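Below is run.csv, holding CSV, C-alpha atoms.
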chain,number,residue,atom,x,y,z
U,28,MET,CA,-53.4,3.5,146.1
U,29,LYS,CA,-49.8,2.5,146.8
U,30,ARG,CA,-49.1,2.1,143.1
U,31,THR,CA,-50.6,5.6,142.4
U,32,LEU,CA,-48.4,7.2,145.1
U,33,LEU,CA,-45.3,5.5,143.7
U,34,THR,CA,-46.2,6.7,140.2
U,35,ALA,CA,-46.6,10.3,141.5
U,36,PHE,CA,-43.2,10.1,143.4
U,37,ALA,CA,-41.6,8.7,140.3
U,38,ALA,CA,-42.9,11.5,138.2
U,39,VAL,CA,-41.5,14.1,140.6
U,40,PHE,CA,-38.1,12.4,140.7
U,41,LEU,CA,-38.1,12.1,136.9
U,42,PHE,CA,-38.9,15.8,136.6
U,43,SER,CA,-36.3,17.1,139.0
U,44,GLY,CA,-33.6,14.7,137.9
U,45,LEU,CA,-34.0,14.8,134.1
U,46,THR,CA,-35.5,18.0,133.0
U,47,GLY,CA,-33.0,20.4,134.6
U,48,PHE,CA,-35.6,22.5,136.3
U,49,PRO,CA,-35.2,23.0,140.1
U,50,ASN,CA,-37.7,21.6,142.7
U,51,VAL,CA,-37.3,24.7,144.8
U,52,VAL,CA,-37.7,28.0,142.9
U,53,THR,CA,-35.4,30.8,144.2
U,54,VAL,CA,-36.1,33.3,141.4
U,55,THR,CA,-38.9,35.7,141.9
U,56,PRO,CA,-40.6,36.4,138.6
U,57,ALA,CA,-41.0,40.0,137.8
U,58,LEU,CA,-44.6,40.5,137.0
U,59,ALA,CA,-46.2,43.3,135.0
U,60,GLN,CA,-49.2,45.5,135.8
U,61,GLY,CA,-52.0,47.0,133.8
U,62,SER,CA,-53.4,45.5,130.5
U,63,ASP,CA,-50.4,43.1,130.3
U,64,VAL,CA,-51.6,41.3,133.4
U,65,LEU,CA,-54.6,38.9,133.9
U,66,VAL,CA,-55.9,39.1,137.5
U,67,GLN,CA,-58.3,36.3,138.0
U,68,ASP,CA,-59.3,33.9,140.8
U,69,GLY,CA,-56.6,35.3,143.1
U,70,LEU,CA,-53.8,35.0,140.6
U,71,ARG,CA,-51.8,37.7,138.9
U,72,LEU,CA,-50.4,36.5,135.5
U,73,PRO,CA,-48.5,38.4,132.9
U,74,ARG,CA,-50.3,37.9,129.6
U,75,SER,CA,-47.0,38.0,127.6
U,76,HIS,CA,-45.6,34.9,129.4
U,77,GLN,CA,-45.8,31.4,128.1
U,78,TYR,CA,-47.5,28.9,130.5
U,79,GLU,CA,-47.2,25.1,130.3
U,80,LEU,CA,-49.2,22.3,131.8
U,81,TYR,CA,-47.0,19.4,133.1
U,82,ASN,CA,-48.3,15.9,132.2
U,83,ALA,CA,-47.0,13.5,134.8
U,84,GLU,CA,-48.0,10.4,132.8
U,85,ASN,CA,-45.5,11.0,130.0
U,86,ALA,CA,-43.3,13.7,131.7
U,87,SER,CA,-44.2,16.2,129.0
U,88,TYR,CA,-45.3,19.8,128.8
U,89,GLY,CA,-48.1,21.4,126.7
U,90,THR,CA,-48.6,25.1,126.2
U,91,VAL,CA,-51.9,26.5,127.7
U,92,ARG,CA,-53.6,29.9,127.3
U,93,VAL,CA,-53.1,32.4,130.2
U,94,ASP,CA,-56.9,32.6,130.8
U,95,THR,CA,-57.0,28.8,131.4
U,96,VAL,CA,-54.2,28.8,134.0
U,97,PRO,CA,-56.4,29.8,137.1
U,98,SER,CA,-58.8,26.8,136.4
U,99,TYR,CA,-55.8,24.4,136.1
U,100,VAL,CA,-54.3,25.7,139.4
U,101,LYS,CA,-57.7,25.2,141.1
U,102,GLN,CA,-57.6,21.5,139.9
U,103,GLY,CA,-54.1,21.1,141.5
U,104,ALA,CA,-52.3,20.8,138.1
U,105,TRP,CA,-48.6,21.7,137.8
U,106,ILE,CA,-48.3,24.9,135.8
U,107,TYR,CA,-44.9,26.2,134.7
U,108,ASP,CA,-44.1,29.8,133.6
U,109,ARG,CA,-41.6,29.2,130.8
U,110,THR,CA,-40.8,32.9,130.4
U,111,ALA,CA,-40.0,33.6,134.0
U,112,ARG,CA,-38.7,30.0,134.6
U,113,ALA,CA,-40.8,29.6,137.7
U,114,TRP,CA,-43.6,27.4,138.8
U,115,VAL,CA,-47.0,29.0,139.1
U,116,SER,CA,-48.3,25.8,140.8
U,117,HIS,CA,-46.2,22.9,142.0
U,118,PRO,CA,-45.7,20.9,145.3
U,119,SER,CA,-42.3,22.6,145.7
U,120,VAL,CA,-43.6,26.2,145.8
U,121,GLY,CA,-47.3,25.8,146.7
U,122,ASN,CA,-50.6,25.9,145.0
U,123,PRO,CA,-50.3,28.6,143.9
U,124,ASN,CA,-46.8,30.0,144.2
U,125,PRO,CA,-47.2,33.0,146.5
U,126,HIS,CA,-45.4,35.2,144.0
U,127,TYR,CA,-48.3,34.8,141.6
U,128,ALA,CA,-51.0,35.5,144.2
U,129,ALA,CA,-52.8,38.8,143.5
U,130,SER,CA,-52.4,39.8,147.1
U,131,GLY,CA,-48.7,38.9,147.3
U,132,ARG,CA,-46.3,41.6,148.6
U,133,ASP,CA,-43.5,40.7,146.2
U,134,PHE,CA,-45.0,41.9,143.0
U,135,ARG,CA,-43.1,44.7,141.3
U,136,ARG,CA,-44.7,47.6,139.4
U,137,GLU,CA,-43.5,47.0,135.8
U,138,GLU,CA,-44.4,48.5,132.4
U,139,LEU,CA,-43.6,47.7,128.8
U,140,LEU,CA,-41.1,50.2,127.5
U,141,GLY,CA,-40.9,48.9,123.9
U,142,GLN,CA,-41.3,46.0,121.5
U,143,LEU,CA,-38.9,45.2,118.6
U,144,GLU,CA,-38.7,42.8,115.7
U,145,VAL,CA,-35.2,41.5,115.2
U,146,ASP,CA,-33.8,41.1,111.7
U,147,PHE,CA,-31.5,38.4,110.5
U,148,ARG,CA,-28.7,40.9,109.8
U,149,ALA,CA,-26.8,42.6,112.6
U,150,ASP,CA,-29.2,45.3,113.5
U,151,ARG,CA,-29.0,48.3,115.8
U,152,ASP,CA,-32.3,49.4,117.4
U,153,VAL,CA,-33.2,52.1,119.9
U,154,ILE,CA,-36.0,52.4,122.4
U,155,GLU,CA,-36.6,55.9,123.5
U,156,VAL,CA,-37.8,56.1,127.1
U,157,GLY,CA,-37.6,59.6,128.7
U,158,ARG,CA,-38.3,61.3,131.9
U,159,ASP,CA,-42.1,60.9,131.7
U,160,GLU,CA,-41.8,57.2,132.2
U,161,GLY,CA,-40.4,57.6,135.7
U,162,ARG,CA,-37.5,56.0,137.5
U,163,PHE,CA,-36.5,52.3,137.3
U,164,GLN,CA,-34.6,49.7,139.3
U,165,LYS,CA,-34.4,47.0,136.7
U,166,ILE,CA,-35.1,46.2,133.1
U,167,ARG,CA,-36.3,42.8,131.9
U,168,ILE,CA,-35.7,41.5,128.3
U,169,VAL,CA,-38.2,39.0,127.0
U,170,VAL,CA,-37.4,37.1,123.8
U,171,ARG,CA,-40.3,35.5,121.9
U,172,GLY,CA,-40.6,33.4,118.8
U,173,ALA,CA,-37.0,32.6,118.0
U,174,PRO,CA,-33.5,32.9,119.6
U,175,ILE,CA,-31.3,35.9,119.1
U,176,GLN,CA,-27.6,36.7,119.2
U,177,LEU,CA,-27.1,39.8,121.5
U,178,ARG,CA,-23.9,41.6,120.7
U,179,ASP,CA,-24.4,44.7,122.7
U,180,LEU,CA,-26.9,46.3,125.1
U,181,LYS,CA,-26.6,49.8,126.5
U,182,VAL,CA,-28.9,51.7,128.9
U,183,ILE,CA,-28.4,55.5,128.7
U,184,PHE,CA,-29.6,57.4,131.7
U,185,ALA,CA,-30.9,61.0,131.9
U,186,ASP,CA,-27.4,62.3,133.0
U,187,ASP,CA,-25.9,60.6,129.9
U,188,SER,CA,-24.1,57.9,132.0
U,189,VAL,CA,-24.1,54.5,130.4
U,190,PHE,CA,-24.8,51.0,131.8
U,191,ASP,CA,-23.3,48.3,129.6
U,192,PRO,CA,-24.4,44.9,131.1
U,193,VAL,CA,-23.3,42.7,128.2
U,194,SER,CA,-19.6,42.1,128.3
U,195,ARG,CA,-19.6,39.5,125.4
U,196,GLU,CA,-21.8,38.1,122.7
U,197,ARG,CA,-24.5,35.8,124.0
U,198,VAL,CA,-27.4,33.8,122.6
U,199,LEU,CA,-30.7,34.6,124.2
U,200,GLN,CA,-33.1,31.6,123.8
U,201,GLU,CA,-36.7,32.0,122.6
U,202,ASP,CA,-39.4,32.3,125.2
U,203,SER,CA,-36.9,33.3,127.9
U,204,ALA,CA,-36.5,36.3,130.1
U,205,TYR,CA,-33.4,38.1,131.4
U,206,VAL,CA,-33.4,40.7,134.2
U,207,PHE,CA,-30.7,43.3,134.7
U,208,ASP,CA,-30.4,45.3,137.9
U,209,LEU,CA,-29.6,49.0,137.1
U,210,PRO,CA,-26.8,50.6,139.1
U,211,GLY,CA,-27.5,53.0,141.9
U,212,ASP,CA,-30.9,54.1,143.1
U,213,ARG,CA,-33.9,54.2,140.8
U,214,ARG,CA,-32.8,55.9,137.6
U,215,ILE,CA,-34.4,57.8,134.8
U,216,ILE,CA,-33.7,56.0,131.5
U,217,LYS,CA,-33.2,58.2,128.4
U,218,ARG,CA,-32.9,55.3,125.9
U,219,ILE,CA,-31.9,51.7,125.5
U,220,THR,CA,-29.9,50.5,122.5
U,221,PHE,CA,-29.4,47.0,121.1
U,222,LEU,CA,-27.0,45.4,118.6
U,223,TYR,CA,-28.4,42.0,117.8
U,224,ARG,CA,-29.8,39.6,115.2
U,225,SER,CA,-32.1,36.7,114.8
U,226,ILE,CA,-30.2,33.4,114.2
U,227,ASP,CA,-32.7,30.7,113.2
U,228,ARG,CA,-34.4,31.3,109.8
U,229,ARG,CA,-36.5,28.2,110.3
U,230,GLU,CA,-38.2,29.8,113.3
U,231,GLY,CA,-38.3,33.2,111.8
U,232,LYS,CA,-37.6,36.6,113.3
U,233,ALA,CA,-37.6,37.0,117.0
U,234,THR,CA,-39.6,39.7,119.0
U,235,VAL,CA,-37.9,41.4,121.9
U,236,LEU,CA,-40.0,43.0,124.6
U,237,VAL,CA,-38.4,45.4,127.1
U,238,TYR,CA,-40.0,46.0,130.5
U,239,GLY,CA,-38.9,48.5,133.2
U,240,GLU,CA,-39.4,47.8,136.9
U,241,HIS,CA,-40.0,50.8,139.1
Written form, structure tokens:
Amino acid sequence: MKRTLLTAFAAVFLFSGLTGFPNVVTVTPALAQGSDVLVQDGLRLPRSHQYELYNAENASYGTVRVDTVPSYVKQGAWIYDRTARAWVSHPSVGNPNPHYAASGRDFRREELLGQLEVDFRADRDVIEVGRDEGRFQKIRIVVRGAPIQLRDLKVIFADDSVFDPVSRERVLQEDSAYVFDLPGDRRIIKRITFLYRSIDRREGKATVLVYGEH
């Protein structure tokens, strides 16, 4: 029994000290609603996110399907949401993390505004949004499949004012999410423009998903 406990504590120490992920999660994942969300066994899980099961024996991660996550959580397994960079289930946040509980108060109403395939050449793409989609507080950019180089991102509002959150070129890694708070109160978005390119031909073209949070 003592040896088992020591092994478990060692795994926690190894995880927190060597992997670079925090023991205490302070970022609240922005979760979607509707068909993009799996609601099952008291959990609310975005289907577009990548979930991983942590194996304490060899300090490794393995990707698992979203529909298997609730059963792993019931078993007390450690599940990491790689896209949101937050634990779904872990001793540091609870089993489960309250932010993934279907009855939690911290879920945001979010919808998919558009999905884009990113070419290897510098490419300019536009997502038309419009007044019918409502007003938004934030946008969330999810990169899947491969990393991209983001050169410019602009959000044009209904009054033609422009929000330009990217001050310099930056690399957005694959299977990562980036949240931008929109200025002012909830705003009507007319369109969102990108100047970007995929940068790793071995991994292929990236896919970018853009969500708006009401």
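Using only C-alpha atoms, the nearest neighbour of Ile168 in chain U within the list U:Leu209, U:Val120, U:Leu139, U:Ala83 is U:Leu139.
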**Request:** Identify, on the basis of all atoms listed in the file, every residue whose closest approach to Val66 in chain U does not exceed 10 Å; exclude the query and any residue fewer than 5 positions from it along the same chain; express the result as an NGL selection string.
**Result:** :U and (60-61 or 71-74 or 94 or 97 or 127-129)
**Between CA of His117 in chain U and CA of Asp68 in chain U - distance in Å to one decimal** = 17.1 Å
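Counting only C-alpha atoms, the residue from U:Val115, U:Arg224, U:Arg162, U:Val237 that sits nearest to Gly211 in chain U is U:Arg162.
Going from CA of Ser188 in chain U to CA of Gly161 in chain U covers 16.7 Å.
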**Request:** Name the residues in contact with Arg167 in chain U at a cut-off of 12 Å, using all atoms listed in the file, excluding same-chain residues fewer than 6 positions from it; report them as a PyMOL selection string.
**Result:** chain U and resi 56-59+110-111+135+137-142+182+203-209+219+235-241
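Here CA of Arg229 in chain U stands at a distance of 16.4 Å from CA of Leu199 in chain U.
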**Message:** Applying 10 Å and only C-alpha atoms, which residues near range 144-155 of chain U remain after dropping the ones on its own chain fewer than 6 positions away? List them as number ranges by chain.
**Reply:** U: 170-171, 173-183, 216-228, 231-237
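Restricting the calculation to all atoms listed in the file, the smallest distance between Val169 in chain U and any of U:Glu84, U:Asp191, U:Glu201, U:Glu196 is found for U:Glu201.
Restricting the calculation to only C-alpha atoms, the smallest distance between Thr95 in chain U and any of U:Pro118, U:Leu65, U:Gln164, U:Asn124 is found for U:Leu65.
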